[in-house]
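**Q** Dropping in upload35.csv, which is CSV, C-alpha atoms and all ligand atoms:
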chain,number,residue,atom,x,y,z
A,3,MET,CA,108.8,91.3,98.3
A,4,SER,CA,107.7,94.9,98.9
A,5,LYS,CA,104.0,95.7,98.9
A,6,VAL,CA,102.8,98.3,96.4
A,7,ALA,CA,100.5,101.2,97.2
A,8,VAL,CA,98.7,103.6,94.9
A,9,ILE,CA,98.0,107.0,96.5
A,10,THR,CA,95.9,109.6,94.7
A,11,GLY,CA,96.5,113.2,95.8
A,12,GLY,CA,99.9,111.9,96.8
A,13,GLY,CA,101.6,115.2,96.0
A,14,SER,CA,100.5,117.0,99.2
A,15,GLY,CA,98.9,116.9,102.6
A,16,LEU,CA,97.4,113.6,103.7
A,17,GLY,CA,98.5,111.7,100.6
A,18,GLN,CA,102.1,112.8,100.9
A,19,SER,CA,102.3,112.0,104.6
A,20,CYS,CA,100.8,108.6,104.0
A,21,ALA,CA,103.3,107.9,101.2
A,22,ILE,CA,106.2,108.7,103.6
A,23,ARG,CA,104.7,106.6,106.5
A,24,LEU,CA,104.1,103.6,104.1
A,25,ALA,CA,107.6,103.9,102.8
A,26,GLU,CA,108.8,103.6,106.4
A,27,GLU,CA,107.0,100.2,106.4
A,28,GLY,CA,108.8,99.1,103.3
A,29,VAL,CA,106.1,99.8,100.8
A,30,ASN,CA,106.7,101.0,97.2
A,31,ILE,CA,104.5,103.8,96.0
A,32,ALA,CA,102.8,105.0,92.8
A,33,VAL,CA,102.1,108.7,93.5
A,34,VAL,CA,99.1,110.0,91.5
A,35,ASP,CA,98.5,113.8,91.3
A,36,VAL,CA,97.7,116.6,89.0
A,37,SER,CA,100.7,118.5,90.4
A,38,ASP,CA,104.1,117.7,88.9
A,39,GLU,CA,105.9,119.6,91.7
A,40,GLY,CA,104.1,117.9,94.6
A,41,GLY,CA,104.1,114.5,92.9
A,42,ASN,CA,107.9,114.6,92.3
A,43,GLN,CA,108.6,115.9,95.8
A,44,THR,CA,106.8,112.8,97.3
A,45,VAL,CA,108.7,110.5,95.0
A,46,GLU,CA,111.9,112.0,96.2
A,47,ALA,CA,110.9,111.6,99.9
A,48,VAL,CA,110.0,108.0,99.4
A,49,LYS,CA,113.2,107.2,97.6
A,50,GLU,CA,115.2,108.9,100.4
A,51,LEU,CA,113.6,106.2,102.7
A,52,GLY,CA,115.0,103.5,100.4
A,53,GLN,CA,111.7,102.5,98.7
A,54,ASP,CA,110.9,102.7,95.0
A,55,ALA,CA,108.3,105.3,93.8
A,56,ILE,CA,106.9,106.6,90.5
A,57,PHE,CA,104.9,109.8,89.8
A,58,ILE,CA,102.0,109.4,87.5
A,59,LYS,CA,100.3,112.7,86.4
A,60,ALA,CA,96.6,112.1,86.2
A,61,ASP,CA,93.3,113.8,86.9
A,62,VAL,CA,91.2,111.4,88.9
A,63,SER,CA,87.9,113.0,87.6
A,64,LYS,CA,88.7,111.6,84.1
A,65,ALA,CA,88.0,107.8,83.8
A,66,GLU,CA,90.7,107.5,81.0
A,67,ASP,CA,93.3,109.0,83.3
A,68,VAL,CA,92.3,106.6,86.1
A,69,LYS,CA,92.6,103.6,83.8
A,70,ARG,CA,96.0,104.9,82.7
A,71,TYR,CA,97.4,105.4,86.3
A,72,VAL,CA,96.3,101.8,87.1
A,73,ASP,CA,97.9,100.4,83.9
A,74,GLU,CA,101.1,102.3,84.4
A,75,THR,CA,101.4,101.1,88.0
A,76,ILE,CA,100.9,97.5,86.9
A,77,GLU,CA,103.5,98.0,84.1
A,78,TYR,CA,106.1,99.3,86.5
A,79,PHE,CA,105.4,97.4,89.8
A,80,GLY,CA,103.4,94.4,88.5
A,81,THR,CA,100.6,94.6,91.2
A,82,ILE,CA,98.6,96.8,93.6
A,83,ASP,CA,98.2,95.7,97.2
A,84,TYR,CA,97.1,99.0,98.8
A,85,PHE,CA,95.0,101.9,97.5
A,86,PHE,CA,94.7,105.2,99.3
A,87,ASN,CA,91.8,106.7,97.4
A,88,ASN,CA,92.3,110.2,98.7
A,89,ALA,CA,92.4,113.1,96.1
A,90,GLY,CA,89.9,115.7,96.8
A,91,ILE,CA,89.0,119.4,96.8
A,92,SER,CA,86.9,121.4,99.2
A,93,GLY,CA,85.2,124.2,97.2
A,94,SER,CA,84.6,127.9,97.7
A,95,GLY,CA,82.7,127.9,101.0
A,96,ALA,CA,79.8,129.7,99.5
A,97,TYR,CA,76.2,128.8,100.5
A,98,PHE,CA,74.7,126.2,98.2
A,99,LEU,CA,72.3,128.5,96.3
A,100,GLU,CA,75.2,130.9,95.6
A,101,THR,CA,77.3,128.0,94.2
A,102,ASP,CA,78.1,127.8,90.5
A,103,ILE,CA,77.0,124.6,88.6
A,104,LYS,CA,80.6,124.4,87.4
A,105,GLU,CA,81.9,124.2,91.0
A,106,ILE,CA,79.3,121.5,91.9
A,107,GLU,CA,80.4,119.4,88.9
A,108,GLN,CA,84.1,119.9,89.7
A,109,ILE,CA,83.7,118.8,93.4
A,110,VAL,CA,81.5,115.8,92.5
A,111,GLY,CA,83.8,114.9,89.6
A,112,ILE,CA,87.0,114.8,91.7
A,113,ASN,CA,85.7,113.7,95.1
A,114,LEU,CA,83.0,111.2,94.2
A,115,LEU,CA,83.4,110.1,90.6
A,116,GLY,CA,87.2,110.1,91.0
A,117,ALA,CA,86.9,107.8,94.0
A,118,LEU,CA,84.5,105.5,92.2
A,119,TYR,CA,86.6,105.3,89.0
A,120,GLY,CA,89.7,104.5,91.1
A,121,ILE,CA,88.0,101.6,92.8
A,122,ARG,CA,86.5,100.4,89.6
A,123,TYR,CA,89.9,99.8,88.0
A,124,VAL,CA,92.1,99.2,91.1
A,125,ALA,CA,89.8,96.6,92.7
A,126,GLU,CA,89.7,94.7,89.4
A,127,VAL,CA,93.5,94.2,89.7
A,128,MET,CA,93.3,93.4,93.4
A,129,LEU,CA,90.7,90.7,92.9
A,130,LYS,CA,92.6,89.2,90.1
A,131,ASN,CA,95.6,88.9,92.5
A,132,GLY,CA,93.6,87.4,95.4
A,133,GLY,CA,92.6,90.6,97.2
A,134,GLY,CA,93.8,93.9,98.6
A,135,SER,CA,93.0,96.8,100.9
A,136,ILE,CA,91.5,100.2,100.1
A,137,VAL,CA,91.2,103.3,102.3
A,138,ASN,CA,88.9,106.1,101.0
A,139,THR,CA,89.2,109.6,102.4
A,140,ALA,CA,85.8,110.9,103.6
A,141,SER,CA,85.7,113.7,106.2
A,142,SER,CA,83.8,115.0,109.2
A,143,ALA,CA,81.5,116.5,106.6
A,144,GLY,CA,80.8,112.9,105.5
A,145,VAL,CA,79.3,111.9,108.8
A,146,ILE,CA,77.6,115.1,110.0
A,147,GLY,CA,75.9,118.0,108.2
A,148,GLN,CA,77.5,121.5,108.1
A,149,ASP,CA,76.8,124.8,106.4
A,150,THR,CA,78.9,126.1,103.5
A,151,VAL,CA,80.0,122.6,102.4
A,152,VAL,CA,76.8,121.1,100.9
A,153,THR,CA,78.3,119.7,97.8
A,154,TYR,CA,81.5,118.6,99.5
A,155,SER,CA,79.5,117.0,102.3
A,156,ALA,CA,77.3,115.2,99.7
A,157,THR,CA,80.4,113.7,98.1
A,158,LYS,CA,81.9,112.6,101.4
A,159,HIS,CA,78.6,111.0,102.5
A,160,GLY,CA,78.9,109.2,99.1
A,161,ILE,CA,82.3,107.9,100.1
A,162,VAL,CA,80.8,106.4,103.2
A,163,GLY,CA,78.1,104.7,101.2
A,164,LEU,CA,80.4,103.2,98.6
A,165,THR,CA,82.7,102.0,101.3
A,166,LYS,CA,80.0,100.0,103.1
A,167,SER,CA,78.4,98.7,99.9
A,168,LEU,CA,81.6,97.5,98.3
A,169,VAL,CA,82.2,95.3,101.4
A,170,ALA,CA,78.8,93.7,100.9
A,171,GLU,CA,79.9,92.7,97.4
A,172,TYR,CA,83.6,91.9,97.6
A,173,ALA,CA,84.7,91.1,101.2
A,174,LYS,CA,84.2,87.4,100.4
A,175,ASP,CA,86.8,87.7,97.6
A,176,GLY,CA,89.5,89.2,99.8
A,177,LEU,CA,88.8,92.9,99.4
A,178,ARG,CA,88.9,95.2,102.5
A,179,VAL,CA,87.5,98.7,102.1
A,180,ASN,CA,87.5,101.2,104.9
A,181,ALA,CA,87.2,105.0,105.1
A,182,ILE,CA,88.7,107.7,107.3
A,183,ALA,CA,86.7,110.8,108.4
A,184,PRO,CA,89.3,113.4,109.4
A,185,GLY,CA,88.3,116.7,111.0
A,186,PRO,CA,90.3,119.8,110.2
A,187,THR,CA,93.9,118.7,109.7
A,188,GLU,CA,96.9,120.9,109.3
A,189,THR,CA,97.8,120.1,105.7
A,190,PRO,CA,99.4,122.8,103.6
A,191,MET,CA,96.0,123.8,102.2
A,192,VAL,CA,94.4,124.3,105.6
A,193,LYS,CA,97.5,125.9,107.1
A,194,SER,CA,97.7,128.6,104.5
A,195,TYR,CA,93.9,129.2,104.8
A,196,PHE,CA,94.2,129.7,108.6
A,197,GLU,CA,97.4,131.8,108.2
A,198,ALA,CA,95.3,134.2,106.1
A,199,ASN,CA,92.3,133.9,108.5
A,200,PRO,CA,93.7,133.5,112.1
A,201,LYS,CA,90.2,134.1,113.7
A,202,MET,CA,88.9,131.1,111.7
A,203,LYS,CA,91.6,128.9,113.2
A,204,GLU,CA,90.7,130.0,116.7
A,205,SER,CA,87.0,129.2,116.1
A,206,ALA,CA,87.8,125.8,114.5
A,207,GLU,CA,90.0,124.8,117.4
A,208,SER,CA,87.5,126.0,120.0
A,209,GLY,CA,84.8,123.7,118.5
A,210,ILE,CA,87.1,120.6,118.9
A,211,PRO,CA,87.0,118.9,122.3
A,212,GLN,CA,90.8,118.4,122.1
A,213,LYS,CA,91.3,122.1,121.3
A,214,ARG,CA,93.7,121.6,118.4
A,215,LEU,CA,93.7,120.6,114.7
A,216,GLY,CA,94.8,117.1,113.6
A,217,THR,CA,98.2,116.5,112.0
A,218,PRO,CA,98.8,114.8,108.6
A,219,GLU,CA,101.1,112.4,110.5
A,220,GLU,CA,98.3,111.3,112.8
A,221,VAL,CA,96.1,110.6,109.8
A,222,ALA,CA,98.9,108.7,108.0
A,223,GLU,CA,99.3,106.5,111.0
A,224,LEU,CA,95.6,105.5,110.9
A,225,VAL,CA,95.7,105.0,107.1
A,226,THR,CA,98.8,102.8,107.4
A,227,PHE,CA,97.2,100.7,110.1
A,228,LEU,CA,94.0,100.2,108.0
A,229,LEU,CA,95.8,99.4,104.8
A,230,THR,CA,98.1,96.8,106.2
A,231,SER,CA,97.5,93.3,107.6
A,232,LYS,CA,97.3,94.7,111.1
A,233,ALA,CA,93.7,95.6,110.4
A,234,GLU,CA,92.9,92.3,108.6
A,235,TYR,CA,89.4,91.9,110.2
A,236,ILE,CA,88.3,95.5,109.9
A,237,ASN,CA,86.1,96.0,106.9
A,238,GLY,CA,83.5,98.7,105.9
A,239,GLU,CA,84.4,100.9,108.8
A,240,VAL,CA,84.4,104.7,108.7
A,241,ILE,CA,86.9,105.8,111.3
A,242,ARG,CA,86.7,109.4,112.7
A,243,ILE,CA,90.0,111.1,113.5
A,244,ASP,CA,88.9,114.5,114.7
A,245,GLY,CA,89.8,115.1,118.3
A,246,GLY,CA,86.2,114.3,119.3
A,247,PHE,CA,84.6,116.9,117.0
A,248,THR,CA,81.8,115.0,115.3
A,249,ASN,CA,81.0,112.8,118.4
A,250,THR,CA,80.1,115.9,120.3
A,251,LYS,CA,77.8,117.4,117.6
B,301,LIG,P1,95.8,118.9,99.8
B,301,LIG,O1,95.3,120.0,98.9
B,301,LIG,O2,97.0,119.2,100.6
B,301,LIG,O3,96.1,117.6,98.9
B,301,LIG,C1,95.3,117.2,97.8
B,301,LIG,C2,96.1,116.8,96.7
B,301,LIG,O4,95.2,116.3,95.7
B,301,LIG,C3,96.9,117.9,96.0
B,301,LIG,O5,98.3,117.4,95.8
B,301,LIG,C4,96.2,118.1,94.7
B,301,LIG,O6,97.1,118.5,93.6
B,301,LIG,C5,95.6,116.7,94.4
B,301,LIG,N1,94.5,116.8,93.5
B,301,LIG,C6,93.5,117.7,93.5
B,301,LIG,N2,92.6,117.5,92.4
B,301,LIG,C7,93.1,116.4,91.8
B,301,LIG,C8,92.7,115.6,90.7
B,301,LIG,N3,91.6,116.0,90.0
B,301,LIG,N4,93.4,114.5,90.3
B,301,LIG,C9,94.5,114.2,91.0
B,301,LIG,N5,94.9,114.8,92.1
B,301,LIG,C10,94.3,115.9,92.5
B,301,LIG,O7,94.6,118.4,100.6
B,301,LIG,P2,94.5,117.4,101.8
B,301,LIG,O8,94.1,118.2,103.0
B,301,LIG,O9,95.7,116.5,101.9
B,301,LIG,O10,93.2,116.6,101.4
B,301,LIG,C11,93.3,115.2,101.0
B,301,LIG,C12,91.9,114.6,101.2
B,301,LIG,O11,91.5,114.7,102.6
B,301,LIG,C13,90.8,115.2,100.4
B,301,LIG,O12,89.9,114.2,99.9
B,301,LIG,C14,90.1,116.1,101.4
B,301,LIG,O13,88.7,116.3,101.1
B,301,LIG,C15,90.2,115.2,102.7
B,301,LIG,N6,90.1,115.9,103.9
B,301,LIG,C16,91.0,116.9,104.3
B,301,LIG,C17,90.8,117.4,105.6
B,301,LIG,C18,91.8,118.5,106.1
B,301,LIG,O14,91.4,119.2,107.0
B,301,LIG,N7,92.9,118.7,105.5
B,301,LIG,C19,89.8,117.1,106.4
B,301,LIG,C20,88.9,116.1,106.0
B,301,LIG,C21,89.1,115.5,104.7
Output the file's structure in the form of structure tokens.

**A**
Amino acid sequence: MSKVAVITGGGSGLGQSCAIRLAEEGVNIAVVDVSDEGGNQTVEAVKELGQDAIFIKADVSKAEDVKRYVDETIEYFGTIDYFFNNAGISGSGAYFLETDIKEIEQIVGINLLGALYGIRYVAEVMLKNGGGSIVNTASSAGVIGQDTVVTYSATKHGIVGLTKSLVAEYAKDGLRVNAIAPGPTETPMVKSYFEANPKMKESAESGIPQKRLGTPEEVAELVTFLLTSKAEYINGEVIRIDGGFTNTK
């Protein structure tokens, strides 16, 4: 029987690449996103690879939407084996004291509350079924401090904390929870930002020991490894995938 994965933010970037990579491994996918266009595009790509997929439109920052995406996945696929808890936004890049309260609430709501709500409902299903595997998306900004991303960095450090603490509570019951900490990765969002600001791209690349940005495919490879049984004894880890960036800070 095919395994079933739920992917939040599955309509673009890392979520979409991971859906495609997991489908290549024979996994069926529930794609969760606020974007109809992106979500449906990912469903098409998974179906082209011969796996089943559904799109569930949901805002991860709303607990009722999160409960609904879990319920709809169970209704359609009957179970959840893997959870890529990935939806996130970055913010305006303003210094913290120039940041609106609304923006702080939005980043915390999506990146941190959204991740917590997701695990709250998904892990319940997994534990009922004997276990499962979760990968949370942190960031370089979740393992080091950086300017212009204070709120984002707070949420991503939060992702690291919840990853480790969940293992302390539920590893004995068959739950694996790991996190990835990507550096700047060429997702559509980052690509269009750098196309508009080519100097920023040069400066980002020059700060990375490998002198290039990561690709979504490289991140999807790591996530697939962590989610599946190949990583059965890896638990509570935060894996950096950043060309050496944070290890040289
Ligand atoms: P992206 O913008 O390409 O994809 C994010 C997806 O999440 C989009 O499809 C968007 O519609 C969806 N989304 C946004 N808000 C949502 C909400 N409230 N509910 C449901 N879906 C929502 O971005 P990406 O680069 O693929 O980022 C994915 C994750 O990776 C984020 O958590 C981000 O912080 C993290 N990350 C990205 C990079 C990078 O350089 N791209 C680096 C480190 C960490």

**Q** Got a sec: who's within 7 Å of stretch 133-148 of chain A, counting all atoms listed in the file, leaving out chain neighbours fewer than 5 positions off, as a list in words?

**A**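 These residues fall inside the cut-off: Asp83, Tyr84, Phe85, Phe86, Asn87, Asn88, Met128, Ser155, Lys158, His159, Ile161, Val162, Asp175, Gly176, Leu177, Arg178, Val179, Asn180, Ala181, Ile182, Ala183, Pro184, Gly185, Val225, Leu229 and Thr248 of chain A.
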
**Q** Between A:Asn131, A:Asn113, A:Ser4, A:Ser208, which has the minimum distance to ligand LIG 301 (chain B) (counting only C-alpha atoms and all ligand atoms)?

**A**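 Smallest distance to ligand LIG 301 (chain B) is found for A:Asn113.
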
**Q** Would you please work out which residue, of A:Val169, A:Val124, A:Ala222, A:Ile76, is nearest to ligand LIG 301 (chain B) when using all atoms listed in the file?

**A** A:Ala222

**Q** For A:Val8, which residue out of A:Glu219, A:Glu171, A:Glu50, A:Asp35 is the nearest one, using all atoms listed in the file?

**A**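 Closest candidate: A:Asp35.
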
**Q** To check your reading of the model: which residues sit at most 6 Å from ligand LIG 301 (chain B) when counting all atoms listed in the file? Write the answer as a ChimeraX atom specification.

**A** /A:10-17,35-37,40,60-63,88-92,112,139-141,184-192

**Q** Would you compute the distance between atom CA of A:Gln18 and atom CA of A:Thr44? Give it in Å to one decimal.

**A** 5.9 Å

**Q** Taking into account all atoms listed in the file, which residue in the set A:Ala206, A:Lys201, A:Glu46, A:Glu239 is nearest to A:Gly163?

**A**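 Answer, going by the shortest atom-to-atom distance: A:Glu239.
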
**Q** What gap, in Å, lies between atom CA of A:Gly216 and atom CA of A:Thr157?

**A**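 Atom-to-atom, atom CA of A:Gly216 and atom CA of A:Thr157 are spaced 21.4 Å apart.
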
**Q** Looking at A:Gly120, A:Ala7, A:Gly132, A:Phe196, which one is nearest to A:Glu66, with distances taken over only C-alpha atoms?

**A**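 That would be A:Gly120, the residue with the smallest distance to A:Glu66.
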
**Q** Suppose you want the space between atom CA of A:Glu220 and atom CA of A:Lys193; what is it in Å?

**A**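 Atom CA of A:Glu220 sits 15.7 Å away from atom CA of A:Lys193.
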
**Q** Can you pull out every residue within 9 Å of A:Tyr97, counting only C-alpha atoms, but drop anything in the same chain fewer than 4 positions away, and send it as number ranges by chain?

**A** A: 101, 149-152
